[in-house]
file my_file-v7.cif (mmCIF, C-alpha atoms and all ligand atoms)
data_protein
#
loop_
_atom_site.label_atom_id
_atom_site.label_comp_id
_atom_site.auth_asym_id
_atom_site.auth_seq_id
_atom_site.Cartn_x
_atom_site.Cartn_y
_atom_site.Cartn_z
CA MET W 1 -2.21 94.28 -22.14
CA THR W 2 -2.90 90.79 -23.40
CA GLU W 3 -5.64 90.14 -25.93
CA LEU W 4 -7.49 88.25 -23.20
CA ALA W 5 -7.42 91.28 -20.88
CA VAL W 6 -8.85 93.49 -23.64
CA LEU W 7 -11.69 91.06 -24.26
CA LEU W 8 -12.40 90.78 -20.51
CA ASN W 9 -12.55 94.56 -20.25
CA GLY W 10 -15.37 94.59 -22.78
CA LEU W 11 -17.72 92.61 -20.54
CA PRO W 12 -20.05 94.05 -17.89
CA ARG W 13 -18.48 93.72 -14.46
CA VAL W 14 -18.93 95.23 -11.01
CA GLY W 15 -15.66 95.66 -9.10
CA MET W 16 -16.37 94.16 -5.68
CA ALA W 17 -13.44 91.84 -4.99
CA THR W 18 -10.04 92.73 -3.56
CA LEU W 19 -7.75 91.88 -6.48
CA PRO W 20 -5.18 90.68 -7.16
CA THR W 21 -5.33 88.22 -4.28
CA PRO W 22 -1.91 87.54 -2.72
CA LEU W 23 0.33 84.71 -3.88
CA GLU W 24 2.16 83.65 -0.72
CA VAL W 25 4.87 81.18 0.21
CA GLY W 26 3.49 78.17 2.10
CA PRO W 27 5.17 75.38 4.04
CA GLU W 28 7.38 72.89 2.17
CA LEU W 29 5.50 69.77 1.09
CA PRO W 30 6.49 66.19 1.96
CA GLY W 31 9.12 65.21 -0.64
CA GLY W 32 10.45 68.76 -0.88
CA ALA W 33 8.14 70.53 -3.35
CA ARG W 34 7.79 74.29 -2.79
CA LEU W 35 4.25 75.38 -2.00
CA TYR W 36 2.73 78.74 -2.91
CA VAL W 37 -0.82 79.60 -1.91
CA LYS W 38 -3.09 81.74 -4.10
CA ARG W 39 -5.15 83.44 -1.42
CA ASP W 40 -8.62 83.77 -2.92
CA ASP W 41 -9.85 83.28 0.64
CA LEU W 42 -8.74 86.93 0.97
CA SER W 43 -10.80 88.16 -1.98
CA GLY W 44 -13.00 90.39 0.19
CA LEU W 45 -16.75 90.62 -0.48
CA GLY W 46 -18.32 89.29 2.71
CA MET W 47 -15.27 87.43 4.09
CA GLY W 48 -13.77 86.18 0.87
CA GLY W 49 -13.70 83.09 -1.30
CA ASN W 50 -13.70 82.08 -4.94
CA LYS W 51 -17.28 83.26 -5.58
CA ALA W 52 -16.17 86.92 -5.46
CA ARG W 53 -14.59 86.69 -8.92
CA LYS W 54 -17.70 85.05 -10.38
CA LEU W 55 -20.07 87.50 -8.73
CA GLU W 56 -18.28 90.49 -10.29
CA TYR W 57 -19.40 89.29 -13.73
CA LEU W 58 -22.74 87.81 -12.63
CA CYS W 59 -23.73 91.08 -10.97
CA GLY W 60 -22.44 93.02 -13.98
CA ASP W 61 -24.83 90.93 -16.07
CA ALA W 62 -27.66 91.41 -13.55
CA LEU W 63 -27.26 95.20 -13.63
CA ALA W 64 -27.05 95.19 -17.44
CA GLN W 65 -30.40 93.38 -17.40
CA LYS W 66 -31.78 95.95 -14.93
CA ALA W 67 -32.50 93.28 -12.31
CA ASP W 68 -33.86 94.47 -8.98
CA VAL W 69 -33.62 91.23 -7.00
CA LEU W 70 -31.00 88.45 -6.86
CA VAL W 71 -32.05 84.85 -6.29
CA THR W 72 -29.66 81.98 -5.68
CA VAL W 73 -29.49 78.49 -4.25
CA GLY W 74 -26.99 76.43 -2.27
CA ALA W 75 -26.27 73.85 0.40
CA ALA W 76 -27.09 74.63 4.04
CA GLN W 77 -23.58 76.11 4.59
CA SER W 78 -23.21 77.59 1.12
CA ASN W 79 -20.30 80.01 0.73
CA HIS W 80 -21.79 81.01 -2.60
CA ALA W 81 -25.11 82.03 -1.00
CA ARG W 82 -23.25 84.03 1.65
CA MET W 83 -21.18 85.92 -0.92
CA THR W 84 -24.22 86.53 -3.15
CA ALA W 85 -25.93 88.01 -0.07
CA ALA W 86 -22.89 90.27 0.44
CA ALA W 87 -22.99 91.31 -3.24
CA GLY W 88 -26.69 92.16 -2.89
CA ALA W 89 -25.83 94.31 0.12
CA VAL W 90 -23.04 96.14 -1.73
CA LEU W 91 -25.32 96.82 -4.70
CA GLY W 92 -28.38 97.65 -2.60
CA ILE W 93 -30.35 94.86 -4.30
CA GLU W 94 -32.76 92.61 -2.41
CA THR W 95 -31.39 89.07 -2.25
CA HIS W 96 -33.09 85.72 -1.66
CA VAL W 97 -31.14 82.55 -0.95
CA LEU W 98 -32.68 79.09 -1.04
CA LEU W 99 -30.79 76.70 1.17
CA GLY W 100 -30.79 72.94 1.56
CA GLY W 101 -31.89 71.39 4.84
CA LEU W 102 -34.15 72.76 7.56
CA LYS W 103 -33.95 76.05 9.43
CA GLN W 104 -31.38 75.78 12.22
CA ALA W 105 -29.75 78.02 14.81
CA PRO W 106 -27.84 80.50 12.61
CA SER W 107 -24.11 79.82 12.36
CA GLY W 108 -21.26 80.16 9.89
CA ASN W 109 -22.34 81.11 6.39
CA GLN W 110 -26.06 81.20 7.28
CA LEU W 111 -25.44 83.67 10.05
CA LEU W 112 -23.50 85.90 7.66
CA SER W 113 -26.12 85.64 4.90
CA SER W 114 -28.74 86.90 7.37
CA LEU W 115 -26.38 89.59 8.61
CA PHE W 116 -25.97 90.83 5.02
CA GLY W 117 -29.74 91.22 4.90
CA ALA W 118 -30.64 88.37 2.55
CA GLU W 119 -33.93 86.56 2.93
CA LEU W 120 -33.25 82.87 3.68
CA HIS W 121 -35.60 80.16 2.45
CA PHE W 122 -35.18 76.61 3.72
CA CYS W 123 -36.11 73.91 1.26
CA GLY W 124 -36.07 71.02 3.70
CA SER W 125 -34.55 68.76 1.10
CA ASP W 126 -30.89 68.47 0.06
CA ASP W 127 -31.88 67.25 -3.37
CA TRP W 128 -30.40 69.57 -6.03
CA ASP W 129 -33.34 69.14 -8.41
CA GLU W 130 -35.80 70.11 -5.70
CA LEU W 131 -33.69 73.15 -4.79
CA GLU W 132 -33.60 74.25 -8.44
CA GLN W 133 -37.36 73.79 -8.67
CA ALA W 134 -37.93 75.88 -5.56
CA MET W 135 -35.75 78.58 -7.13
CA ASP W 136 -37.83 78.51 -10.35
CA GLU W 137 -41.01 78.91 -8.31
CA LEU W 138 -39.64 81.83 -6.31
CA ILE W 139 -38.42 83.53 -9.50
CA ASP W 140 -41.88 83.13 -11.09
CA GLU W 141 -43.52 84.50 -7.97
CA LEU W 142 -41.26 87.58 -7.93
CA ALA W 143 -41.80 88.17 -11.66
CA ARG W 144 -45.59 87.95 -11.22
CA ALA W 145 -45.29 90.60 -8.51
CA GLY W 146 -43.70 92.94 -11.07
CA ARG W 147 -40.08 92.46 -9.99
CA ARG W 148 -37.06 91.80 -12.22
CA PRO W 149 -35.36 88.79 -10.62
CA TYR W 150 -31.86 87.69 -11.67
CA ARG W 151 -31.11 84.01 -11.34
CA VAL W 152 -27.63 83.29 -9.96
CA PRO W 153 -27.20 79.56 -10.64
CA ILE W 154 -25.71 77.19 -8.12
CA GLY W 155 -22.08 78.01 -7.40
CA GLY W 156 -22.28 80.87 -9.92
CA SER W 157 -20.93 78.37 -12.43
CA THR W 158 -22.00 79.55 -15.85
CA ALA W 159 -20.00 81.02 -18.71
CA VAL W 160 -20.71 84.43 -17.14
CA GLY W 161 -19.48 83.50 -13.65
CA ALA W 162 -16.50 81.52 -14.94
CA THR W 163 -15.29 84.61 -16.79
CA GLY W 164 -13.96 85.76 -13.41
CA PHE W 165 -11.59 82.79 -13.37
CA ALA W 166 -10.58 83.27 -17.00
CA GLY W 167 -9.38 86.65 -15.73
CA ALA W 168 -7.70 85.07 -12.71
CA TRP W 169 -5.34 83.16 -15.00
CA PRO W 170 -3.43 86.21 -16.33
CA GLU W 171 -3.44 87.58 -12.76
CA LEU W 172 -1.64 84.45 -11.51
CA MET W 173 0.73 84.32 -14.50
CA ALA W 174 1.79 87.92 -13.84
CA GLN W 175 2.51 87.09 -10.18
CA CYS W 176 4.51 84.02 -11.20
CA GLU W 177 6.56 86.14 -13.57
CA THR W 178 7.29 88.70 -10.86
CA LEU W 179 8.40 85.98 -8.45
CA ASN W 180 10.18 84.07 -11.21
CA LEU W 181 8.13 80.93 -10.56
CA ARG W 182 7.46 78.14 -13.01
CA PRO W 183 4.77 76.06 -11.30
CA ALA W 184 4.71 72.34 -12.05
CA LEU W 185 1.08 72.13 -10.97
CA ILE W 186 -1.90 74.21 -9.82
CA VAL W 187 -4.37 72.47 -7.48
CA HIS W 188 -7.88 73.55 -6.44
CA ALA W 189 -11.18 72.19 -5.12
CA SER W 190 -13.90 71.66 -7.72
CA SER W 191 -17.61 71.35 -7.10
CA SER W 192 -19.73 73.08 -9.76
CA ALA W 193 -16.73 73.41 -12.15
CA GLY W 194 -16.88 77.19 -12.68
CA THR W 195 -13.47 77.74 -11.13
CA HIS W 196 -11.95 74.91 -13.17
CA GLY W 197 -13.74 75.87 -16.39
CA GLY W 198 -12.74 79.52 -16.08
CA LEU W 199 -9.09 78.72 -15.36
CA LEU W 200 -9.00 76.29 -18.30
CA ALA W 201 -10.44 78.99 -20.57
CA GLY W 202 -7.87 81.55 -19.39
CA ARG W 203 -5.04 79.07 -19.79
CA ALA W 204 -6.15 77.99 -23.27
CA ALA W 205 -6.46 81.61 -24.40
CA MET W 206 -3.21 82.87 -22.94
CA SER W 207 -0.73 80.07 -22.27
CA PRO W 208 -1.88 76.69 -23.62
CA ASN W 209 1.44 75.16 -22.60
CA GLY W 210 1.44 76.78 -19.19
CA PRO W 211 1.28 74.98 -15.84
CA PRO W 212 -1.23 72.10 -15.68
CA ILE W 213 -4.34 72.40 -13.50
CA LEU W 214 -5.45 69.58 -11.21
CA ALA W 215 -9.05 69.84 -9.98
CA ILE W 216 -9.91 67.85 -6.86
CA ALA W 217 -13.55 66.73 -7.01
CA VAL W 218 -15.51 67.37 -3.81
CA ALA W 219 -19.09 66.78 -5.02
CA LYS W 220 -19.69 65.28 -8.46
CA THR W 221 -17.86 62.24 -9.76
CA GLY W 222 -14.89 62.63 -12.07
CA LEU W 223 -16.50 62.13 -15.46
CA ASP W 224 -19.43 64.48 -14.83
CA LEU W 225 -17.08 67.09 -13.47
CA ARG W 226 -14.69 66.82 -16.45
CA ASN W 227 -17.59 67.22 -18.88
CA GLU W 228 -18.95 70.16 -16.95
CA ALA W 229 -15.56 71.91 -16.79
CA ALA W 230 -15.08 71.36 -20.55
CA HIS W 231 -18.54 72.72 -21.27
CA ILE W 232 -18.10 75.81 -19.08
CA ALA W 233 -14.58 76.50 -20.43
CA ARG W 234 -15.80 76.40 -24.04
CA ALA W 235 -18.90 78.49 -23.30
CA CYS W 236 -16.66 81.01 -21.55
CA LEU W 237 -14.34 81.21 -24.58
CA ASP W 238 -17.40 81.71 -26.81
CA ARG W 239 -18.50 84.55 -24.59
CA LEU W 240 -15.05 86.09 -25.00
CA GLN W 241 -15.36 85.64 -28.78
CA LEU W 242 -12.49 83.17 -28.69
CA SER W 243 -14.42 80.18 -30.01
CA ASP W 244 -11.43 79.23 -32.18
CA VAL W 245 -9.34 78.63 -29.05
CA ASP W 246 -9.25 74.95 -28.16
CA VAL W 247 -9.49 73.46 -24.67
CA ARG W 248 -7.71 70.13 -25.13
CA ASP W 249 -9.34 67.17 -23.42
CA GLU W 250 -5.98 66.00 -22.06
CA ASP W 251 -5.62 69.31 -20.20
CA ILE W 252 -8.79 68.70 -18.16
CA GLU W 253 -7.62 66.74 -15.15
CA VAL W 254 -9.90 65.74 -12.27
CA ASP W 255 -8.91 63.58 -9.30
CA GLU W 256 -11.98 62.13 -7.63
CA ARG W 257 -10.24 60.06 -4.97
CA TRP W 258 -10.53 62.66 -2.21
CA ARG W 259 -14.25 63.38 -2.05
CA GLY W 260 -15.04 60.52 0.32
CA PRO W 261 -18.57 59.12 0.51
CA ASP W 262 -20.30 62.35 -0.54
CA TYR W 263 -20.28 66.14 -0.75
CA ALA W 264 -19.70 67.76 2.66
CA VAL W 265 -19.06 64.42 4.39
CA PRO W 266 -15.77 64.81 6.29
CA THR W 267 -12.86 62.48 5.48
CA LYS W 268 -9.88 61.37 7.56
CA GLU W 269 -7.51 62.57 4.84
CA ALA W 270 -9.07 66.06 4.68
CA ASP W 271 -9.04 66.38 8.47
CA ALA W 272 -5.35 65.44 8.53
CA ALA W 273 -4.67 67.97 5.74
CA ILE W 274 -6.56 70.71 7.62
CA ILE W 275 -4.43 70.11 10.70
CA TRP W 276 -1.22 69.89 8.63
CA ALA W 277 -1.91 73.22 6.89
CA ALA W 278 -2.98 74.91 10.12
CA ARG W 279 0.05 73.73 12.11
CA ARG W 280 2.64 74.25 9.37
CA GLY W 281 1.32 77.31 7.61
CA GLY W 282 -1.28 78.99 9.83
CA LEU W 283 -3.75 78.33 7.01
CA VAL W 284 -7.46 77.81 7.67
CA LEU W 285 -9.08 75.15 5.47
CA ASP W 286 -12.64 73.84 5.61
CA ARG W 287 -13.90 70.24 5.59
CA VAL W 288 -16.14 70.57 2.50
CA TYR W 289 -13.81 72.05 -0.13
CA THR W 290 -10.30 73.19 0.63
CA GLY W 291 -9.45 70.44 3.15
CA LYS W 292 -10.21 67.77 0.56
CA ALA W 293 -8.32 69.66 -2.15
CA PHE W 294 -5.28 70.09 0.10
CA ALA W 295 -5.43 66.36 0.92
CA GLY W 296 -5.35 65.71 -2.84
CA MET W 297 -2.28 67.92 -3.21
CA LEU W 298 -0.49 66.21 -0.30
CA GLY W 299 -1.44 62.92 -1.97
CA ALA W 300 0.16 64.07 -5.24
CA ALA W 301 3.32 64.97 -3.31
CA GLU W 302 3.37 61.61 -1.53
CA GLU W 303 2.81 59.73 -4.78
CA GLY W 304 5.91 61.41 -6.22
CA ARG W 305 4.07 63.52 -8.78
CA LEU W 306 5.73 66.60 -7.32
CA GLU W 307 9.49 66.48 -7.17
CA SER W 308 11.78 68.13 -4.68
CA GLY W 309 12.32 71.79 -5.52
CA GLU W 310 9.36 71.95 -7.91
CA THR W 311 6.77 74.65 -7.33
CA VAL W 312 3.11 73.82 -6.73
CA ILE W 313 0.34 76.37 -6.31
CA PHE W 314 -2.61 75.63 -4.06
CA TRP W 315 -5.55 77.83 -5.04
CA HIS W 316 -7.20 78.58 -1.68
CA THR W 317 -10.86 79.01 -2.63
CA GLY W 318 -12.06 80.11 0.84
CA GLY W 319 -14.76 78.47 2.91
CA GLN W 320 -13.63 79.63 6.35
CA PRO W 321 -17.09 80.64 7.71
CA ALA W 322 -18.16 76.98 7.57
CA VAL W 323 -15.37 76.20 10.06
CA PHE W 324 -17.49 77.99 12.68
CA ALA W 325 -20.66 75.97 11.97
CA PRO W 326 -21.36 72.82 14.03
CA GLY W 327 -19.01 70.03 12.90
CA GLY W 328 -17.04 72.46 10.73
CA ALA W 329 -13.62 71.60 12.14
CA PRO W 330 -11.87 68.29 12.87
CA GLU W 331 -12.37 66.78 16.33
CA LEU W 332 -9.91 68.41 18.69
CA ALA W 333 -9.03 64.97 20.09
CA ASN W 334 -7.36 64.27 16.74
CA THR W 335 -5.04 67.20 17.10
CA ILE W 336 -2.77 65.79 19.82
CA SER W 337 -1.38 63.03 17.62
CA ALA W 338 -1.18 65.39 14.64
CA ARG W 339 1.00 67.71 16.64
CA ASP W 340 3.26 64.82 17.63
CA GLU W 341 3.52 63.89 13.98
CA ALA W 342 4.42 67.45 13.12
CA GLY W 343 7.49 66.98 15.32
CA SER W 344 6.88 70.01 17.52
CA ASP W 345 7.33 68.06 20.74
CA GLU W 346 10.09 70.44 21.82
CA ARG W 347 7.27 72.78 22.78
CA GLU W 348 5.82 70.15 25.13
CA GLY W 349 6.50 70.93 28.80
CA SER W 350 7.33 74.54 28.07
CA GLU W 351 4.12 75.59 29.73
CA ALA W 352 5.38 75.45 33.35
C1 LIG U 1 -17.79 76.97 -4.32
C2 LIG U 1 -16.50 76.61 -3.70
C3 LIG U 1 -15.56 75.81 -4.37
C4 LIG U 1 -15.83 75.17 -5.71
O1 LIG U 1 -15.85 76.05 -6.76
P1 LIG U 1 -16.63 75.65 -8.10
O2 LIG U 1 -16.36 76.74 -9.02
O3 LIG U 1 -18.07 75.51 -7.72
O4 LIG U 1 -16.10 74.33 -8.55
C5 LIG U 1 -14.34 75.55 -3.77
N1 LIG U 1 -14.07 76.04 -2.55
C6 LIG U 1 -14.94 76.79 -1.86
C7 LIG U 1 -14.57 77.25 -0.51
C8 LIG U 1 -16.19 77.11 -2.41
O5 LIG U 1 -17.06 77.85 -1.71
#
call {"tool": "encode", "arguments": {"input": "my_file-v7.cif", "output": "structure tokens"}}
result
Amino acid sequence: MTELAVLLNGLPRVGMATLPTPLEVGPELPGGARLYVKRDDLSGLGMGGNKARKLEYLCGDALAQKADVLVTVGAAQSNHARMTAAAGAVLGIETHVLLGGLKQAPSGNQLLSSLFGAELHFCGSDDWDELEQAMDELIDELARAGRRPYRVPIGGSTAVGATGFAGAWPELMAQCETLNLRPALIVHASSSAGTHGGLLAGRAAMSPNGPPILAIAVAKTGLDLRNEAAHIARACLDRLQLSDVDVRDEDIEVDERWRGPDYAVPTKEADAAIIWAARRGGLVLDRVYTGKAFAGMLGAAEEGRLESGETVIFWHTGGQPAVFAPGGAPELANTISARDEAGSDEREGSEA
């Protein structure tokens, strides 16, 4: 066992995710790079996604603190809120989720959060500060009523949550060794930087000269996201009593060109990437996170950053339930031309 694994084993954790998640061959990228997909969308816990790894440690911490109610916050179609609701169900702990926007007909992640028995609160606003304030008020209210609320911060992105991704690094490295892969790059979507920070911590602790990580920004701008990832990575290493391990600034790479006008606003490039991945690899990507990240990876391939024969790993962070919410998938009208571009016209006319 690595030193990192020993340190991870010393921290409170609830096993809820299906791990290790598969590392699968994907379709060849433009320019000839070999794609592998790290399937954290198959991590279990209420239909999967990257929050499962974080919630194992967050819930471990909550139980260690004898919490009897979980409270979290997220966007209207928050995957994090849905998976926290599932964690509450597994643990038999009451769960409250505060969501952005107004109450709507339940769909996608919201429908699942309700199905898992969480109490949904609609904040009206999409302003993050207002959502955080509403969470503080609810936590105070629960505490005054004699409860022991546990605050799960947005995206689960604290040193505690990110620990799950510090542990994901040795998991991936072991799979690469088994398959004899030497990835030239690892790409993932980044929003609250817990995934990025955790992976950076794991990499710094275990293989500082290992494959580089490229985070595709989908919410915050590049500089904020870099600072946040650095902060979380270092806090995570402190928590693991590895404060002497250095996360080098030059290893923190964020590409902010793929977010588009704002968080959760669809982009042409992401829609094209979603269709590409679906038609070539049977992969399901969402418009908020993984579609934009995949677009960033295709961009890296097209810009020549990935050479023919090199291996790239796309970390699939989940998000599928949002595909079933209104506006969650690209317009079907777009798909005709995408299919033509994919060169599958031999199938045309075979329907007679
Ligand atoms: C939350 C989320 C992310 C971003 O992860 P962070 O750790 O918040 O950066 C990426 N993809 C999906 C599907 C998510 O739900």
call {"tool": "closest_residue", "arguments": {"input": "my_file-v7.cif", "among": "W:Leu11, W:Ala273, W:Leu131, W:Val6", "to": "W:Asp286", "atoms": "all atoms listed in the file"}}
result
W:Ala273
call {"tool": "closest_residue", "arguments": {"input": "my_file-v7.cif", "among": "W:Cys176, W:Pro321, W:Gly304, W:Gln241", "to": "W:Met83", "atoms": "all atoms listed in the file"}}
result
W:Pro321
call {"tool": "residues_around", "arguments": {"input": "my_file-v7.cif", "residues": "W:Ala204", "least_positions_apart": "2", "cutoff": "12 Å", "atoms": "only C-alpha atoms", "output": "NGL selection string"}}
result
:W and (4 or 166-167 or 169-170 or 197-202 or 206-213 or 230 or 233-234 or 236-237 or 242-249 or 251-252)
call {"tool": "residues_near_ligand", "arguments": {"input": "my_file-v7.cif", "ligand": "ligand LIG 1 (chain U)", "cutoff": "9 Å", "atoms": "all atoms listed in the file", "output": "PyMOL selection string"}}
result
chain W and resi 41+49-51+54+78-80+154-157+161-162+165+188-198+215+217-219+225+229+285-286+288-290+293+316-320+322
call {"tool": "atom_distance", "arguments": {"input": "my_file-v7.cif", "atom1": "atom CA of W:Gly291", "atom2": "atom CA of W:Tyr263"}}
result
12.3 Å
call {"tool": "residues_around", "arguments": {"input": "my_file-v7.cif", "residues": "W:Ile139", "least_positions_apart": "3", "cutoff": "10 Å", "atoms": "all atoms listed in the file", "output": "list in words"}}
result
Val69, Leu70, Val71, Thr72, His96, Gln133, Ala134, Met135, Asp136, Leu142, Ala143, Arg144, Ala145, Arg147, Arg148, Pro149, Tyr150 and Arg151 of chain W
call {"tool": "write_last_selection", "arguments": {"input": "my_file-v7.cif", "atoms": "C-alpha atoms", "output": "PDB file, keeping the file's coordinate frame"}}
result
ATOM      1  CA  VAL W  69     -33.620  91.230  -7.000  1.00  0.00           C
ATOM      2  CA  LEU W  70     -31.000  88.450  -6.860  1.00  0.00           C
ATOM      3  CA  VAL W  71     -32.050  84.850  -6.290  1.00  0.00           C
ATOM      4  CA  THR W  72     -29.660  81.980  -5.680  1.00  0.00           C
ATOM      5  CA  HIS W  96     -33.090  85.720  -1.660  1.00  0.00           C
ATOM      6  CA  GLN W 133     -37.360  73.790  -8.670  1.00  0.00           C
ATOM      7  CA  ALA W 134     -37.930  75.880  -5.560  1.00  0.00           C
ATOM      8  CA  MET W 135     -35.750  78.580  -7.130  1.00  0.00           C
ATOM      9  CA  ASP W 136     -37.830  78.510 -10.350  1.00  0.00           C
ATOM     10  CA  LEU W 142     -41.260  87.580  -7.930  1.00  0.00           C
ATOM     11  CA  ALA W 143     -41.800  88.170 -11.660  1.00  0.00           C
ATOM     12  CA  ARG W 144     -45.590  87.950 -11.220  1.00  0.00           C
ATOM     13  CA  ALA W 145     -45.290  90.600  -8.510  1.00  0.00           C
ATOM     14  CA  ARG W 147     -40.080  92.460  -9.990  1.00  0.00           C
ATOM     15  CA  ARG W 148     -37.060  91.800 -12.220  1.00  0.00           C
ATOM     16  CA  PRO W 149     -35.360  88.790 -10.620  1.00  0.00           C
ATOM     17  CA  TYR W 150     -31.860  87.690 -11.670  1.00  0.00           C
ATOM     18  CA  ARG W 151     -31.110  84.010 -11.340  1.00  0.00           C
TER      19      ARG W 151
END
call {"tool": "closest_residue", "arguments": {"input": "my_file-v7.cif", "among": "W:Leu223, W:Ala76, W:Leu181, W:Leu42", "to": "W:Asp126", "atoms": "only C-alpha atoms"}}
result
W:Ala76
call {"tool": "residues_around", "arguments": {"input": "my_file-v7.cif", "residues": "W:Ala17", "least_positions_apart": "4", "cutoff": "8 Å", "atoms": "all atoms listed in the file", "output": "number ranges by chain"}}
result
W: 43-45, 52-53, 56
call {"tool": "residues_around", "arguments": {"input": "my_file-v7.cif", "residues": "W:Gln175", "least_positions_apart": "4", "cutoff": "8 Å", "atoms": "only C-alpha atoms", "output": "ChimeraX atom specification"}}
result
/W:23,171,179
call {"tool": "atom_distance", "arguments": {"input": "my_file-v7.cif", "atom1": "atom CA of W:Glu269", "atom2": "atom CA of W:Gln77"}}
result
21.0 Å
call {"tool": "residues_around", "arguments": {"input": "my_file-v7.cif", "residues": "W:Gly117", "least_positions_apart": "5", "cutoff": "10 Å", "atoms": "all atoms listed in the file", "output": "list in words"}}
result
Ala85, Ala86, Gly88, Ala89, Gly92, Ile93, Glu94, Thr95, His96 and Leu112 of chain W
call {"tool": "closest_residue", "arguments": {"input": "my_file-v7.cif", "among": "W:Asn180, W:Ala159, W:Leu306, W:Ala81", "to": "W:Ile232", "atoms": "all atoms listed in the file"}}
result
W:Ala159
call {"tool": "closest_residue", "arguments": {"input": "my_file-v7.cif", "among": "W:Val254, W:Cys123, W:Leu283, W:Leu99", "to": "W:Glu24", "atoms": "only C-alpha atoms"}}
result
W:Leu283
